[in-house]
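Just structure_16.pdb here, PDB, C-alpha atoms and all ligand atoms:
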ATOM      1  CA  MET A1091      99.358  31.640 -63.913  1.00  0.00           C
ATOM      2  CA  LEU A1092      96.472  29.687 -65.418  1.00  0.00           C
ATOM      3  CA  GLN A1093      95.429  30.466 -68.948  1.00  0.00           C
ATOM      4  CA  PRO A1094      92.043  32.178 -68.425  1.00  0.00           C
ATOM      5  CA  LEU A1095      89.009  30.150 -69.589  1.00  0.00           C
ATOM      6  CA  GLN A1096      91.334  27.441 -70.903  1.00  0.00           C
ATOM      7  CA  GLN A1097      92.891  25.908 -67.814  1.00  0.00           C
ATOM      8  CA  PHE A1098      91.045  24.842 -64.686  1.00  0.00           C
ATOM      9  CA  ILE A1099      91.789  23.417 -61.266  1.00  0.00           C
ATOM     10  CA  CYS A1100      90.365  19.915 -60.846  1.00  0.00           C
ATOM     11  CA  ASP A1101      87.939  19.841 -57.913  1.00  0.00           C
ATOM     12  CA  LYS A1102      89.118  16.348 -56.998  1.00  0.00           C
ATOM     13  CA  CYS A1103      92.932  16.281 -57.283  1.00  0.00           C
ATOM     14  CA  LYS A1104      93.467  20.081 -57.268  1.00  0.00           C
ATOM     15  CA  LYS A1105      95.866  19.819 -60.232  1.00  0.00           C
ATOM     16  CA  VAL A1106      95.599  21.781 -63.474  1.00  0.00           C
ATOM     17  CA  ILE A1107      93.320  20.653 -66.298  1.00  0.00           C
ATOM     18  CA  GLU A1108      95.286  21.859 -69.296  1.00  0.00           C
ATOM     19  CA  ARG A1109      92.408  22.382 -71.725  1.00  0.00           C
ATOM     20  CA  PRO A1110      88.588  22.128 -71.687  1.00  0.00           C
ATOM     21  CA  GLU A1111      88.957  18.985 -73.854  1.00  0.00           C
ATOM     22  CA  PHE A1112      90.601  17.248 -70.871  1.00  0.00           C
ATOM     23  CA  GLY A1113      87.831  17.982 -68.382  1.00  0.00           C
ATOM     24  CA  TYR A1114      84.366  16.896 -67.404  1.00  0.00           C
ATOM     25  CA  VAL A1115      81.620  18.582 -65.439  1.00  0.00           C
ATOM     26  CA  GLU A1116      79.991  16.327 -62.869  1.00  0.00           C
ATOM     27  CA  TYR A1117      76.664  17.194 -61.280  1.00  0.00           C
ATOM     28  CA  LEU A1118      73.859  15.440 -59.483  1.00  0.00           C
ATOM     29  CA  SER A1119      70.298  15.303 -60.691  1.00  0.00           C
ATOM     30  CA  GLN A1120      67.642  14.172 -58.234  1.00  0.00           C
ATOM     31  CA  ILE A1121      64.136  13.428 -59.446  1.00  0.00           C
ATOM     32  CA  GLU A1122      61.440  14.744 -57.167  1.00  0.00           C
ATOM     33  CA  LYS A1123      57.667  15.005 -57.485  1.00  0.00           C
ATOM     34  CA  ARG A1124      56.320  18.361 -56.379  1.00  0.00           C
ATOM     35  CA  ASP A1125      52.701  19.495 -56.666  1.00  0.00           C
ATOM     36  CA  GLY A1126      52.101  16.646 -59.102  1.00  0.00           C
ATOM     37  CA  ARG A1127      54.944  17.725 -61.332  1.00  0.00           C
ATOM     38  CA  MET A1128      58.217  15.901 -61.933  1.00  0.00           C
ATOM     39  CA  MET A1129      61.272  17.968 -61.093  1.00  0.00           C
ATOM     40  CA  GLN A1130      64.951  17.469 -61.732  1.00  0.00           C
ATOM     41  CA  ILE A1131      66.883  19.093 -58.913  1.00  0.00           C
ATOM     42  CA  ARG A1132      70.493  19.712 -59.940  1.00  0.00           C
ATOM     43  CA  SER A1133      73.470  20.304 -57.685  1.00  0.00           C
ATOM     44  CA  GLY A1134      77.206  19.753 -57.490  1.00  0.00           C
ATOM     45  CA  PHE A1135      78.733  21.226 -60.650  1.00  0.00           C
ATOM     46  CA  LYS A1136      82.305  20.103 -60.162  1.00  0.00           C
ATOM     47  CA  ILE A1137      85.052  20.331 -62.763  1.00  0.00           C
ATOM     48  CA  VAL A1138      87.318  17.273 -62.926  1.00  0.00           C
ATOM     49  CA  HIS A1139      89.950  15.663 -65.144  1.00  0.00           C
ATOM     50  CA  ASN A1140      88.755  13.417 -67.914  1.00  0.00           C
ATOM     51  CA  SER A1141      91.341  12.385 -70.466  1.00  0.00           C
ATOM     52  CA  LYS A1142      93.271   9.277 -71.460  1.00  0.00           C
ATOM     53  CA  GLU A1143      96.061  10.253 -69.061  1.00  0.00           C
ATOM     54  CA  LYS A1144      94.033  11.296 -66.054  1.00  0.00           C
ATOM     55  CA  SER A1145      90.488  10.724 -64.951  1.00  0.00           C
ATOM     56  CA  CYS A1146      89.091  12.052 -61.673  1.00  0.00           C
ATOM     57  CA  HIS A1147      85.667  11.679 -60.113  1.00  0.00           C
ATOM     58  CA  PHE A1148      84.340  14.015 -57.475  1.00  0.00           C
ATOM     59  CA  PHE A1149      81.147  12.081 -56.828  1.00  0.00           C
ATOM     60  CA  GLU A1150      80.612   8.357 -56.335  1.00  0.00           C
ATOM     61  CA  ARG A1151      78.922   6.594 -59.222  1.00  0.00           C
ATOM     62  CA  SER A1152      75.158   6.687 -58.753  1.00  0.00           C
ATOM     63  CA  ILE A1153      71.929   6.954 -60.658  1.00  0.00           C
ATOM     64  CA  GLU A1154      71.925  10.680 -59.847  1.00  0.00           C
ATOM     65  CA  LEU A1155      75.358  11.387 -61.290  1.00  0.00           C
ATOM     66  CA  CYS A1156      75.457  13.222 -64.618  1.00  0.00           C
ATOM     67  CA  THR A1157      78.474  14.294 -66.641  1.00  0.00           C
ATOM     68  CA  LEU A1158      79.071  16.676 -69.500  1.00  0.00           C
ATOM     69  CA  PRO A1159      82.279  17.337 -71.403  1.00  0.00           C
ATOM     70  CA  LEU A1160      83.767  20.610 -70.146  1.00  0.00           C
ATOM     71  CA  ARG A1161      84.356  21.649 -73.757  1.00  0.00           C
ATOM     72  CA  ASP A1162      80.561  21.822 -74.292  1.00  0.00           C
ATOM     73  CA  PHE A1163      80.646  24.996 -72.212  1.00  0.00           C
ATOM     74  CA  PHE A1164      83.073  26.549 -74.672  1.00  0.00           C
ATOM     75  CA  VAL A1165      81.124  26.026 -77.885  1.00  0.00           C
ATOM     76  CA  ASN A1166      80.276  29.590 -78.834  1.00  0.00           C
ATOM     77  CA  ASP A1167      77.125  28.632 -80.670  1.00  0.00           C
ATOM     78  CA  SER A1168      75.488  26.970 -77.664  1.00  0.00           C
ATOM     79  CA  LYS A1169      77.364  27.721 -74.420  1.00  0.00           C
ATOM     80  CA  PHE A1170      74.874  30.320 -73.173  1.00  0.00           C
ATOM     81  CA  SER A1171      71.847  28.189 -73.960  1.00  0.00           C
ATOM     82  CA  LEU A1172      73.541  25.294 -72.161  1.00  0.00           C
ATOM     83  CA  ILE A1173      74.148  27.462 -69.082  1.00  0.00           C
ATOM     84  CA  PHE A1174      70.541  28.735 -69.128  1.00  0.00           C
ATOM     85  CA  SER A1175      69.081  25.252 -69.646  1.00  0.00           C
ATOM     86  CA  PHE A1176      70.075  24.359 -66.082  1.00  0.00           C
ATOM     87  CA  LEU A1177      67.961  27.241 -64.800  1.00  0.00           C
ATOM     88  CA  ASP A1178      64.956  26.736 -67.042  1.00  0.00           C
ATOM     89  CA  GLU A1179      64.379  24.590 -70.099  1.00  0.00           C
ATOM     90  CA  GLY A1180      62.388  27.387 -71.698  1.00  0.00           C
ATOM     91  CA  GLU A1181      58.941  27.590 -73.255  1.00  0.00           C
ATOM     92  CA  ILE A1182      59.620  25.389 -76.283  1.00  0.00           C
ATOM     93  CA  LEU A1183      60.057  22.112 -74.386  1.00  0.00           C
ATOM     94  CA  THR A1184      58.748  22.671 -70.855  1.00  0.00           C
ATOM     95  CA  PRO A1185      55.026  21.858 -71.297  1.00  0.00           C
ATOM     96  CA  THR A1186      55.820  18.185 -71.859  1.00  0.00           C
ATOM     97  CA  GLY A1187      59.211  18.009 -70.178  1.00  0.00           C
ATOM     98  CA  ILE A1188      60.364  17.656 -66.612  1.00  0.00           C
ATOM     99  CA  ALA A1189      60.909  20.962 -64.846  1.00  0.00           C
ATOM    100  CA  VAL A1190      64.457  21.736 -63.770  1.00  0.00           C
ATOM    101  CA  GLU A1191      65.658  23.448 -60.648  1.00  0.00           C
ATOM    102  CA  ILE A1192      69.000  24.431 -59.219  1.00  0.00           C
ATOM    103  CA  LYS A1193      69.323  23.340 -55.601  1.00  0.00           C
ATOM    104  CA  ASP A1194      71.898  25.934 -54.590  1.00  0.00           C
ATOM    105  CA  VAL A1195      71.982  29.050 -56.766  1.00  0.00           C
ATOM    106  CA  ARG A1196      75.258  30.280 -55.277  1.00  0.00           C
ATOM    107  CA  GLU A1197      76.963  26.980 -56.033  1.00  0.00           C
ATOM    108  CA  TYR A1198      75.735  27.108 -59.641  1.00  0.00           C
ATOM    109  CA  THR A1199      76.702  30.769 -60.001  1.00  0.00           C
ATOM    110  CA  ASP A1200      80.204  29.966 -58.802  1.00  0.00           C
ATOM    111  CA  PHE A1201      80.448  27.280 -61.488  1.00  0.00           C
ATOM    112  CA  VAL A1202      79.179  29.656 -64.200  1.00  0.00           C
ATOM    113  CA  LYS A1203      81.665  32.323 -63.114  1.00  0.00           C
ATOM    114  CA  ARG A1204      84.439  29.742 -63.442  1.00  0.00           C
ATOM    115  CA  ILE A1205      83.584  29.157 -67.090  1.00  0.00           C
ATOM    116  CA  LEU A1206      82.623  32.712 -68.104  1.00  0.00           C
ATOM    117  CA  ILE A1207      84.723  35.240 -66.182  1.00  0.00           C
ATOM    118  CA  PRO A1208      88.374  35.390 -67.202  1.00  0.00           C
ATOM    119  CA  TYR A1209      90.776  34.873 -64.236  1.00  0.00           C
ATOM    120  CA  TYR A1210      87.966  33.900 -61.831  1.00  0.00           C
ATOM    121  CA  GLU A1211      89.120  30.269 -61.708  1.00  0.00           C
ATOM    122  CA  GLU A1212      92.516  31.203 -60.327  1.00  0.00           C
ATOM    123  CA  ALA A1213      91.428  34.245 -58.305  1.00  0.00           C
ATOM    124  CA  ARG A1214      88.876  32.234 -56.253  1.00  0.00           C
ATOM    125  CA  ILE A1215      91.777  30.443 -54.562  1.00  0.00           C
ATOM    126  CA  TYR A1216      92.748  33.756 -52.965  1.00  0.00           C
ATOM    127  CA  PHE A1217      89.322  35.172 -52.071  1.00  0.00           C
ATOM    128  CA  ASP A1218      89.669  34.539 -48.337  1.00  0.00           C
ATOM    129  CA  GLU A1219      93.129  36.078 -48.206  1.00  0.00           C
ATOM    130  CA  ALA A1220      92.044  39.057 -50.334  1.00  0.00           C
ATOM    131  CA  LYS A1221      89.009  39.634 -48.105  1.00  0.00           C
ATOM    132  CA  ILE A1222      91.211  39.791 -45.025  1.00  0.00           C
ATOM    133  CA  ASP A1223      93.492  42.234 -46.838  1.00  0.00           C
ATOM    134  CA  GLY A1224      90.542  44.515 -47.602  1.00  0.00           C
ATOM    135  CA  PHE A1225      91.024  44.017 -51.326  1.00  0.00           C
ATOM    136  CA  PHE A1226      87.270  44.241 -52.031  1.00  0.00           C
ATOM    137  CA  ASP A1227      86.494  47.176 -49.740  1.00  0.00           C
ATOM    138  CA  GLY A1228      84.230  49.655 -51.496  1.00  0.00           C
ATOM    139  CA  ASP A1229      83.345  47.355 -54.431  1.00  0.00           C
ATOM    140  CA  ASN A1230      79.748  46.587 -55.306  1.00  0.00           C
ATOM    141  CA  GLU A1231      78.294  43.084 -55.755  1.00  0.00           C
ATOM    142  CA  TYR A1232      79.095  42.771 -59.441  1.00  0.00           C
ATOM    143  CA  PHE A1233      82.298  44.766 -59.831  1.00  0.00           C
ATOM    144  CA  VAL A1234      83.743  42.606 -57.093  1.00  0.00           C
ATOM    145  CA  TYR A1235      83.672  39.689 -59.615  1.00  0.00           C
ATOM    146  CA  SER A1236      84.733  41.659 -62.686  1.00  0.00           C
ATOM    147  CA  SER A1237      87.384  40.216 -64.894  1.00  0.00           C
ATOM    148  CA  SER A1238      89.735  43.146 -64.175  1.00  0.00           C
ATOM    149  CA  LYS A1239      89.355  42.618 -60.423  1.00  0.00           C
ATOM    150  CA  MET A1240      89.993  38.875 -60.841  1.00  0.00           C
ATOM    151  CA  LYS A1241      93.123  39.603 -62.853  1.00  0.00           C
ATOM    152  CA  GLU A1242      94.370  42.021 -60.185  1.00  0.00           C
ATOM    153  CA  ILE A1243      93.961  39.341 -57.505  1.00  0.00           C
ATOM    154  CA  VAL A1244      95.858  36.758 -59.540  1.00  0.00           C
ATOM    155  CA  GLU A1245      98.687  39.216 -60.185  1.00  0.00           C
ATOM    156  CA  LYS A1246      98.874  40.301 -56.572  1.00  0.00           C
ATOM    157  CA  TYR A1247      98.732  36.877 -54.927  1.00  0.00           C
ATOM    158  CA  THR A1248     100.661  34.688 -57.344  1.00  0.00           C
ATOM    159  CA  GLY A1249     103.512  37.150 -57.799  1.00  0.00           C
TER     160      GLY A1249
HETATM  161 ZN    ZN B   1      91.986  15.644 -61.202  1.00  0.00          ZN
END
Please, can you express the file's structure as structure tokens?
Ligand SMILES: [Zn+2]
Amino acid sequence: MLQPLQQFICDKCKKVIERPEFGYVEYLSQIEKRDGRMMQIRSGFKIVHNSKEKSCHFFERSIELCTLPLRDFFVNDSKFSLIFSFLDEGEILTPTGIAVEIKDVREYTDFVKRILIPYYEEARIYFDEAKIDGFFDGDNEYFVYSSSKMKEIVEKYTG
């Protein structure tokens, strides 16, 4: 079993990233002009290895490729503001800054769940199987992703 919110599955090699310090988040940022305003459209949000021993890249190198240390999402003082900054830079900087936009909200939400909901990272491997088994029948749209539900899936399908 993965250690919740400490260990992750690399999106490139599918092997375990032992600690946030050994991972990177890769995403793409496309600049677009819309209604006279510059926009940064973000997508991707993959978690990959990045350490002395192992370095993986999900995306090809390009001008659009951005990376952030995975551990930045685990700094208690700033992790929520980092997560929110991808959705909106907020009123302090926006008037002079470039507006941000998430291309695919579901893709971004999946990434955020991976770093915030205990057991989600491992449970998502079994979602298709659990759906077929009727594991989510009767759950609502948020309880279905609760930490307790995620833990139940991991226990049931890794056992
Ligand atoms: Zn890897």
| task | Run the PyMOL selection byres (((chain A and resi 1122-1133) around 9) and not hetatm) mentally over the shown coordinates, then write out the matched residues as a ChimeraX atom specification, using the chain letters and numbers from the document. | result | /A:1117-1121,1134-1135,1176,1187-1195,1197-1198
Centre, x/y/z edge lengths, axis-aligned box for segment 1151-1161 of chain A with 4 Å per side, as AutoDock Vina command-line options:
--center_x 78.1 --center_y 14.1 --center_z -66.3 --size_x 20.4 --size_y 23.1 --size_z 23.0
| query | Between atom CA of Cys1156 of chain A and atom CA of Leu1177 of chain A, what is the distance, to one decimal in Å? | reply | 15.9 Å
| task | Report the distance between atom CA of Asn1140 of chain A and atom CA of Phe1174 of chain A in Å, rounded to one decimal place. | result |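 Separation of atom CA of Asn1140 of chain A and atom CA of Phe1174 of chain A: 23.8 Å.
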| Residue nearest ligand ZN 1 (chain B) among A:Gly1113, A:Gly1228, A:Pro1094, A:Pro1208 (counting only C-alpha atoms and all ligand atoms) |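 Smallest distance to ligand ZN 1 (chain B) is found for A:Gly1113.
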| Separation of atom CA of Arg1109 of chain A and atom CA of Gln1096 of chain A, in Å? | 5.2 Å
| task | Show which residues sit within 10 Å of Ile1099 of chain A, as JSON, numbers by chain. Count all atoms listed in the file, and ignore same-chain residues fewer than 3 positions away. | result | {"A": [1092, 1102, 1103, 1104, 1105, 1106, 1107, 1108, 1113, 1137, 1138, 1139, 1204, 1211, 1212, 1215]}
| field | Residues matched by the PyMOL selection byres (((chain A and resi 1239-1246) around 6) and not hetatm), written as number ranges by chain | value | A: 1209-1210, 1213, 1236-1238, 1247-1249
